[in-house]
>>> print(open('my_file29.txt').read())   # compact mmCIF, N, CA and C atoms and all ligand atoms
# COMPACT_ATOMS: atom_id res chain seq x y z
N MET H 1382 -16.10 -29.81 -29.38
CA MET H 1382 -16.30 -29.58 -27.94
C MET H 1382 -14.98 -29.73 -27.20
N ARG H 1383 -14.20 -30.73 -27.61
CA ARG H 1383 -12.92 -30.96 -26.95
C ARG H 1383 -11.97 -29.77 -27.20
N LYS H 1384 -12.03 -29.22 -28.44
CA LYS H 1384 -11.19 -28.05 -28.78
C LYS H 1384 -11.51 -26.85 -27.89
N LYS H 1385 -12.82 -26.67 -27.65
CA LYS H 1385 -13.25 -25.56 -26.81
C LYS H 1385 -12.67 -25.70 -25.39
N GLY H 1386 -12.68 -26.96 -24.95
CA GLY H 1386 -12.13 -27.23 -23.60
C GLY H 1386 -10.65 -26.89 -23.52
N ILE H 1387 -9.91 -27.24 -24.56
CA ILE H 1387 -8.47 -26.92 -24.59
C ILE H 1387 -8.26 -25.41 -24.61
N PHE H 1388 -9.10 -24.72 -25.42
CA PHE H 1388 -9.00 -23.26 -25.53
C PHE H 1388 -9.22 -22.60 -24.17
N ILE H 1389 -10.27 -23.03 -23.47
CA ILE H 1389 -10.55 -22.48 -22.14
C ILE H 1389 -9.40 -22.79 -21.19
N GLY H 1390 -8.84 -23.98 -21.34
CA GLY H 1390 -7.69 -24.36 -20.51
C GLY H 1390 -6.52 -23.44 -20.74
N ILE H 1391 -6.24 -23.11 -22.01
CA ILE H 1391 -5.11 -22.20 -22.33
C ILE H 1391 -5.38 -20.80 -21.76
N ILE H 1392 -6.60 -20.32 -21.97
CA ILE H 1392 -6.96 -18.98 -21.47
C ILE H 1392 -6.79 -18.88 -19.96
N SER H 1393 -7.32 -19.87 -19.24
CA SER H 1393 -7.20 -19.80 -17.77
C SER H 1393 -5.74 -19.95 -17.35
N GLY H 1394 -4.95 -20.69 -18.15
CA GLY H 1394 -3.51 -20.80 -17.88
C GLY H 1394 -2.84 -19.45 -18.00
N ILE H 1395 -3.20 -18.71 -19.05
CA ILE H 1395 -2.63 -17.37 -19.27
C ILE H 1395 -3.02 -16.44 -18.12
N ILE H 1396 -4.30 -16.52 -17.72
CA ILE H 1396 -4.77 -15.66 -16.62
C ILE H 1396 -3.99 -15.96 -15.34
N LEU H 1397 -3.78 -17.23 -15.05
CA LEU H 1397 -3.02 -17.61 -13.85
C LEU H 1397 -1.59 -17.09 -13.92
N LEU H 1398 -0.99 -17.16 -15.14
CA LEU H 1398 0.36 -16.68 -15.34
C LEU H 1398 0.46 -15.18 -15.07
N VAL H 1399 -0.53 -14.44 -15.57
CA VAL H 1399 -0.56 -12.98 -15.38
C VAL H 1399 -0.66 -12.67 -13.88
N ILE H 1400 -1.51 -13.40 -13.18
CA ILE H 1400 -1.66 -13.20 -11.73
C ILE H 1400 -0.33 -13.49 -11.03
N ALA H 1401 0.33 -14.58 -11.44
CA ALA H 1401 1.61 -14.98 -10.83
C ALA H 1401 2.67 -13.92 -11.05
N ILE H 1402 2.66 -13.30 -12.24
CA ILE H 1402 3.66 -12.26 -12.53
C ILE H 1402 3.35 -10.98 -11.74
N THR H 1403 2.05 -10.68 -11.62
CA THR H 1403 1.63 -9.44 -10.95
C THR H 1403 1.88 -9.49 -9.44
N LEU H 1404 1.66 -10.64 -8.82
CA LEU H 1404 1.78 -10.74 -7.36
C LEU H 1404 3.16 -10.38 -6.81
N PRO H 1405 4.27 -10.96 -7.33
CA PRO H 1405 5.57 -10.60 -6.75
C PRO H 1405 5.90 -9.12 -6.93
N SER H 1406 5.42 -8.50 -8.01
CA SER H 1406 5.76 -7.10 -8.24
C SER H 1406 5.08 -6.19 -7.22
N SER H 1407 3.87 -6.56 -6.79
CA SER H 1407 3.22 -5.75 -5.75
C SER H 1407 3.93 -5.96 -4.41
N ASP H 1408 4.54 -7.13 -4.24
CA ASP H 1408 5.33 -7.42 -3.05
C ASP H 1408 6.58 -6.54 -2.99
N SER H 1409 7.25 -6.39 -4.13
CA SER H 1409 8.47 -5.60 -4.16
C SER H 1409 8.17 -4.11 -4.01
N GLU H 1410 6.96 -3.69 -4.37
CA GLU H 1410 6.58 -2.28 -4.13
C GLU H 1410 6.57 -2.00 -2.63
N VAL H 1411 6.08 -2.93 -1.86
CA VAL H 1411 6.04 -2.78 -0.40
C VAL H 1411 7.45 -2.67 0.16
N LYS H 1412 8.37 -3.51 -0.36
CA LYS H 1412 9.76 -3.48 0.09
C LYS H 1412 10.41 -2.14 -0.24
N THR H 1413 10.14 -1.62 -1.42
CA THR H 1413 10.70 -0.34 -1.84
C THR H 1413 10.28 0.77 -0.88
N GLU H 1414 9.02 0.76 -0.47
CA GLU H 1414 8.53 1.79 0.46
C GLU H 1414 9.28 1.72 1.78
N LYS H 1415 9.51 0.51 2.28
CA LYS H 1415 10.21 0.34 3.55
C LYS H 1415 11.64 0.87 3.44
N LEU H 1416 12.29 0.60 2.33
CA LEU H 1416 13.66 1.05 2.10
C LEU H 1416 13.73 2.57 2.10
N GLU H 1417 12.75 3.21 1.45
CA GLU H 1417 12.72 4.68 1.40
C GLU H 1417 12.59 5.26 2.79
N THR H 1418 11.81 4.62 3.64
CA THR H 1418 11.62 5.10 5.01
C THR H 1418 12.95 5.08 5.76
N VAL H 1419 13.74 4.05 5.52
CA VAL H 1419 15.03 3.93 6.19
C VAL H 1419 15.98 5.02 5.71
N ILE H 1420 15.96 5.32 4.43
CA ILE H 1420 16.89 6.28 3.85
C ILE H 1420 16.52 7.73 4.18
N GLU H 1421 15.26 7.98 4.50
CA GLU H 1421 14.81 9.35 4.75
C GLU H 1421 15.59 10.09 5.83
N ALA H 1422 16.08 9.39 6.83
CA ALA H 1422 16.84 10.04 7.90
C ALA H 1422 18.31 9.65 7.81
N ASP H 1423 19.19 10.62 8.16
CA ASP H 1423 20.63 10.34 8.15
C ASP H 1423 21.09 9.85 9.51
N VAL H 1424 20.45 10.38 10.54
CA VAL H 1424 20.82 10.03 11.92
C VAL H 1424 19.54 9.67 12.67
N ILE H 1425 19.57 8.59 13.41
CA ILE H 1425 18.39 8.23 14.19
C ILE H 1425 18.69 8.25 15.69
N MET H 1426 17.65 8.53 16.45
CA MET H 1426 17.71 8.39 17.91
C MET H 1426 17.02 7.08 18.21
N PRO H 1427 17.78 6.04 18.52
CA PRO H 1427 17.17 4.72 18.69
C PRO H 1427 16.41 4.59 20.00
N ILE H 1428 15.75 3.47 20.15
CA ILE H 1428 14.93 3.24 21.34
C ILE H 1428 15.81 3.10 22.59
N LYS H 1429 15.28 3.57 23.72
CA LYS H 1429 15.90 3.44 25.07
C LYS H 1429 17.07 4.38 25.31
N VAL H 1430 17.32 5.37 24.45
CA VAL H 1430 18.44 6.28 24.71
C VAL H 1430 18.09 7.33 25.77
N SER H 1431 16.83 7.32 26.25
CA SER H 1431 16.46 8.23 27.32
C SER H 1431 16.99 7.77 28.67
N ARG H 1432 17.63 6.60 28.68
CA ARG H 1432 18.31 6.13 29.89
C ARG H 1432 19.80 6.12 29.62
N PRO H 1433 20.64 6.49 30.60
CA PRO H 1433 22.09 6.52 30.36
C PRO H 1433 22.61 5.15 29.95
N GLY H 1434 23.69 5.15 29.19
CA GLY H 1434 24.30 3.90 28.76
C GLY H 1434 24.70 3.95 27.30
N CYS H 1435 23.88 4.64 26.48
CA CYS H 1435 24.16 4.69 25.04
C CYS H 1435 25.47 5.43 24.75
N GLU H 1436 25.86 6.35 25.68
CA GLU H 1436 27.08 7.13 25.45
C GLU H 1436 28.33 6.25 25.49
N GLU H 1437 28.21 5.10 26.19
CA GLU H 1437 29.36 4.20 26.30
C GLU H 1437 29.70 3.55 24.96
N THR H 1438 28.71 3.42 24.09
CA THR H 1438 28.95 2.80 22.78
C THR H 1438 28.71 3.79 21.64
N ASN H 1439 28.67 5.08 21.98
CA ASN H 1439 28.42 6.13 20.98
C ASN H 1439 27.16 5.84 20.16
N SER H 1440 26.10 5.41 20.83
CA SER H 1440 24.90 5.04 20.08
C SER H 1440 23.64 5.77 20.56
N CYS H 1441 23.83 6.99 21.12
CA CYS H 1441 22.67 7.81 21.50
C CYS H 1441 22.05 8.40 20.23
N TYR H 1442 22.92 8.86 19.34
CA TYR H 1442 22.53 9.23 17.99
C TYR H 1442 23.30 8.28 17.08
N VAL H 1443 22.64 7.69 16.10
CA VAL H 1443 23.30 6.71 15.24
C VAL H 1443 23.23 7.14 13.77
N PRO H 1444 24.38 7.41 13.13
CA PRO H 1444 25.72 7.38 13.71
C PRO H 1444 25.97 8.62 14.57
N SER H 1445 26.86 8.53 15.54
CA SER H 1445 27.10 9.66 16.44
C SER H 1445 27.94 10.75 15.76
N VAL H 1446 28.70 10.37 14.75
CA VAL H 1446 29.45 11.35 13.96
C VAL H 1446 29.07 11.15 12.49
N ILE H 1447 28.67 12.23 11.85
CA ILE H 1447 28.32 12.13 10.43
C ILE H 1447 29.10 13.19 9.66
N THR H 1448 29.64 12.80 8.51
CA THR H 1448 30.41 13.73 7.68
C THR H 1448 29.63 14.01 6.40
N ILE H 1449 29.46 15.29 6.11
CA ILE H 1449 28.73 15.70 4.90
C ILE H 1449 29.55 16.74 4.14
N LYS H 1450 29.06 17.09 2.97
CA LYS H 1450 29.70 18.14 2.17
C LYS H 1450 28.99 19.47 2.44
N GLN H 1451 29.72 20.55 2.30
CA GLN H 1451 29.19 21.89 2.49
C GLN H 1451 27.89 22.07 1.69
N GLY H 1452 26.87 22.60 2.33
CA GLY H 1452 25.59 22.85 1.66
C GLY H 1452 24.60 21.69 1.78
N GLN H 1453 25.08 20.56 2.27
CA GLN H 1453 24.17 19.41 2.40
C GLN H 1453 23.36 19.49 3.68
N LYS H 1454 22.34 18.65 3.71
CA LYS H 1454 21.36 18.66 4.80
C LYS H 1454 21.47 17.36 5.59
N VAL H 1455 21.28 17.49 6.89
CA VAL H 1455 21.22 16.29 7.75
C VAL H 1455 19.81 16.19 8.31
N THR H 1456 19.24 15.00 8.24
CA THR H 1456 17.90 14.77 8.80
C THR H 1456 18.00 13.77 9.95
N TRP H 1457 17.46 14.16 11.08
CA TRP H 1457 17.41 13.28 12.25
C TRP H 1457 16.00 12.74 12.39
N SER H 1458 15.90 11.53 12.88
CA SER H 1458 14.58 10.95 13.14
C SER H 1458 14.56 10.37 14.55
N ASN H 1459 13.54 10.74 15.30
CA ASN H 1459 13.39 10.20 16.65
C ASN H 1459 12.65 8.86 16.57
N GLU H 1460 13.40 7.79 16.67
CA GLU H 1460 12.83 6.44 16.59
C GLU H 1460 12.57 5.86 17.98
N ASP H 1461 12.75 6.68 19.00
CA ASP H 1461 12.51 6.24 20.38
C ASP H 1461 11.04 6.47 20.73
N VAL H 1462 10.66 6.05 21.93
CA VAL H 1462 9.29 6.26 22.40
C VAL H 1462 9.22 7.46 23.36
N ALA H 1463 10.37 8.15 23.54
CA ALA H 1463 10.42 9.33 24.41
C ALA H 1463 10.77 10.57 23.58
N PHE H 1464 10.59 11.75 24.17
CA PHE H 1464 10.97 13.01 23.50
C PHE H 1464 12.49 13.14 23.49
N HIS H 1465 13.02 13.75 22.44
CA HIS H 1465 14.43 14.10 22.38
C HIS H 1465 14.58 15.40 21.63
N THR H 1466 15.77 16.01 21.73
CA THR H 1466 16.04 17.20 20.94
C THR H 1466 17.37 17.04 20.19
N VAL H 1467 17.53 17.85 19.17
CA VAL H 1467 18.80 17.97 18.46
C VAL H 1467 19.16 19.45 18.59
N THR H 1468 20.10 19.74 19.50
CA THR H 1468 20.40 21.12 19.87
C THR H 1468 21.89 21.38 19.70
N SER H 1469 22.24 22.46 19.02
CA SER H 1469 23.66 22.70 18.70
C SER H 1469 24.47 23.05 19.93
N GLY H 1470 25.72 22.61 19.93
CA GLY H 1470 26.63 22.88 21.03
C GLY H 1470 26.80 21.66 21.92
N LEU H 1471 27.29 21.92 23.12
CA LEU H 1471 27.47 20.86 24.11
C LEU H 1471 26.48 21.12 25.24
N TYR H 1472 26.18 20.11 26.03
CA TYR H 1472 25.17 20.26 27.10
C TYR H 1472 25.52 21.43 28.04
N ASP H 1473 26.82 21.53 28.39
CA ASP H 1473 27.26 22.59 29.30
C ASP H 1473 27.51 23.90 28.56
N GLU H 1474 27.48 23.83 27.25
CA GLU H 1474 27.88 24.98 26.45
C GLU H 1474 27.04 25.05 25.17
N PRO H 1475 25.74 25.33 25.29
CA PRO H 1475 24.88 25.38 24.10
C PRO H 1475 25.32 26.47 23.12
N ARG H 1476 25.03 26.24 21.86
CA ARG H 1476 25.41 27.18 20.81
C ARG H 1476 24.15 27.45 20.00
N GLU H 1477 23.82 28.70 19.81
CA GLU H 1477 22.52 29.00 19.19
C GLU H 1477 22.55 28.92 17.66
N LEU H 1478 22.82 27.74 17.14
CA LEU H 1478 22.83 27.56 15.68
C LEU H 1478 21.55 26.86 15.22
N PHE H 1479 21.20 25.80 15.92
CA PHE H 1479 19.95 25.09 15.60
C PHE H 1479 19.42 24.40 16.85
N ASP H 1480 18.11 24.25 16.90
CA ASP H 1480 17.46 23.56 18.03
C ASP H 1480 16.12 23.01 17.54
N SER H 1481 15.99 21.72 17.62
CA SER H 1481 14.76 21.08 17.12
C SER H 1481 13.58 21.31 18.05
N GLY H 1482 13.86 21.66 19.32
CA GLY H 1482 12.79 21.62 20.32
C GLY H 1482 12.45 20.16 20.58
N HIS H 1483 11.42 19.91 21.36
CA HIS H 1483 11.08 18.52 21.69
C HIS H 1483 10.55 17.79 20.46
N LEU H 1484 11.23 16.72 20.08
CA LEU H 1484 10.77 15.91 18.95
C LEU H 1484 9.93 14.75 19.48
N ASP H 1485 8.73 14.65 18.98
CA ASP H 1485 7.86 13.53 19.35
C ASP H 1485 8.44 12.23 18.78
N PRO H 1486 8.07 11.09 19.36
CA PRO H 1486 8.46 9.82 18.73
C PRO H 1486 8.00 9.79 17.27
N GLY H 1487 8.92 9.43 16.40
CA GLY H 1487 8.59 9.37 14.97
C GLY H 1487 8.79 10.67 14.22
N GLN H 1488 9.05 11.75 14.95
CA GLN H 1488 9.21 13.06 14.30
C GLN H 1488 10.62 13.24 13.76
N LYS H 1489 10.74 14.05 12.69
CA LYS H 1489 12.03 14.29 12.05
C LYS H 1489 12.41 15.76 12.15
N PHE H 1490 13.70 16.03 11.96
CA PHE H 1490 14.22 17.39 12.03
C PHE H 1490 15.42 17.49 11.08
N SER H 1491 15.49 18.56 10.29
CA SER H 1491 16.58 18.71 9.32
C SER H 1491 17.29 20.04 9.48
N VAL H 1492 18.59 20.02 9.21
CA VAL H 1492 19.40 21.24 9.22
C VAL H 1492 20.30 21.22 7.99
N SER H 1493 20.38 22.35 7.27
CA SER H 1493 21.32 22.48 6.17
C SER H 1493 22.58 23.17 6.69
N PHE H 1494 23.73 22.64 6.33
CA PHE H 1494 24.99 23.20 6.80
C PHE H 1494 25.71 23.90 5.64
N ASP H 1495 25.74 25.23 5.71
CA ASP H 1495 26.34 26.01 4.63
C ASP H 1495 27.80 26.36 4.90
N GLU H 1496 28.24 26.14 6.14
CA GLU H 1496 29.64 26.44 6.48
C GLU H 1496 30.38 25.18 6.87
N GLN H 1497 31.69 25.17 6.54
CA GLN H 1497 32.52 24.03 6.91
C GLN H 1497 32.83 24.07 8.40
N GLY H 1498 33.12 22.94 8.97
CA GLY H 1498 33.50 22.88 10.38
C GLY H 1498 32.93 21.67 11.07
N THR H 1499 33.15 21.62 12.37
CA THR H 1499 32.62 20.53 13.18
C THR H 1499 31.55 21.10 14.10
N PHE H 1500 30.39 20.49 14.06
CA PHE H 1500 29.26 21.02 14.82
C PHE H 1500 28.78 19.97 15.83
N ASP H 1501 29.01 20.26 17.09
CA ASP H 1501 28.52 19.39 18.16
C ASP H 1501 27.04 19.63 18.37
N TYR H 1502 26.35 18.62 18.79
CA TYR H 1502 24.95 18.79 19.20
C TYR H 1502 24.62 17.81 20.31
N PHE H 1503 23.53 18.06 20.99
CA PHE H 1503 23.16 17.24 22.16
C PHE H 1503 21.65 17.25 22.33
N CYS H 1504 21.19 16.53 23.35
CA CYS H 1504 19.77 16.50 23.69
C CYS H 1504 19.58 17.26 25.00
N THR H 1505 18.71 18.25 25.01
CA THR H 1505 18.54 19.08 26.22
C THR H 1505 17.88 18.28 27.36
N LEU H 1506 17.24 17.17 27.02
CA LEU H 1506 16.54 16.37 28.03
C LEU H 1506 17.41 15.28 28.64
N HIS H 1507 18.43 14.86 27.89
CA HIS H 1507 19.29 13.76 28.33
C HIS H 1507 20.74 14.14 28.11
N PRO H 1508 21.40 14.65 29.15
CA PRO H 1508 22.77 15.20 29.02
C PRO H 1508 23.79 14.25 28.39
N TRP H 1509 23.55 12.94 28.50
CA TRP H 1509 24.52 11.97 27.96
C TRP H 1509 24.41 11.82 26.44
N MET H 1510 23.34 12.35 25.87
CA MET H 1510 23.16 12.21 24.41
C MET H 1510 23.92 13.29 23.67
N ALA H 1511 24.91 12.88 22.87
CA ALA H 1511 25.71 13.84 22.12
C ALA H 1511 26.10 13.27 20.76
N GLY H 1512 26.22 14.16 19.79
CA GLY H 1512 26.62 13.77 18.45
C GLY H 1512 27.37 14.89 17.77
N LYS H 1513 27.83 14.62 16.57
CA LYS H 1513 28.67 15.58 15.86
C LYS H 1513 28.41 15.53 14.37
N VAL H 1514 28.39 16.72 13.73
CA VAL H 1514 28.31 16.80 12.28
C VAL H 1514 29.58 17.44 11.79
N THR H 1515 30.28 16.78 10.88
CA THR H 1515 31.49 17.36 10.29
C THR H 1515 31.14 17.76 8.85
N VAL H 1516 31.36 19.03 8.54
CA VAL H 1516 31.04 19.55 7.21
C VAL H 1516 32.35 19.86 6.50
N GLU H 1517 32.57 19.16 5.37
CA GLU H 1517 33.83 19.32 4.64
C GLU H 1517 33.66 20.30 3.47
CU CU S 1 17.07 12.81 24.59
>>> encode(input="my_file29.txt", output="structure tokens", more="lines below")
Ligand SMILES: [Cu+2]
Amino acid sequence: MRKKGIFIGIISGIILLVIAITLPSSDSEVKTEKLETVIEADVIMPIKVSRPGCEETNSCYVPSVITIKQGQKVTWSNEDVAFHTVTSGLYDEPRELFDSGHLDPGQKFSVSFDEQGTFDYFCTLHPWMAGKVTVE
């Protein structure tokens, strides 16, 4: 009878060990998902950029200047609670290369750049919002 008790003790010990090993791994799966969400966008429109001020610290689009290789894609994500656009050119001088239209909060927009050069872009709703893509 005592042997049976020890056996049950060992078995439940093993079960507890398996649970202990399994728990942290499901935790790290959650972390991995969060990391992927961060990496999905190259440039973000952070919160509160619908009010002037972000242009003083070049943080209307973050990063405000991004350098990529020819043929690569840039993805923008609107992380603000207001609408924004990613529109090629300058506010006073739009260029008809790309235009996201109004991006809802949480919405993303991507452009592939097949030609080298420097490409300015801005937000049609907020004249102070400006950024640049450099394609090498
Ligand atoms: Cu905007």
>>> residues_near_ligand(input="my_file29.txt", ligand="ligand CU 1 (chain S)", cutoff="8 Å", atoms="all atoms listed in the file", output="VMD selection string")
chain H and resid 1430 to 1432 1441 1463 to 1467 1503 to 1510
>>> atom_distance(input="my_file29.txt", atom1="CA of Leu1478 (chain H)", atom2="CA of Trp1457 (chain H)")
15.7 Å
>>> closest_residue(input="my_file29.txt", among="H:Ile1425, H:Tyr1472, H:Gln1453, H:Ala1511", to="Thr1438 (chain H)", atoms="only C-alpha atoms")
H:Ala1511
>>> atom_distance(input="my_file29.txt", atom1="CA of Thr1456 (chain H)", atom2="CA of Ser1481 (chain H)")
10.9 Å
>>> atom_distance(input="my_file29.txt", atom1="CA of Glu1496 (chain H)", atom2="CA of Ser1458 (chain H)")
22.6 Å
>>> residues_near_point(input="my_file29.txt", point="(34.9, 17.5, 4.9)", cutoff="6 Å", atoms="only C-alpha atoms", output="list of chain:residue names")
H:Lys1450, H:Val1516, H:Glu1517
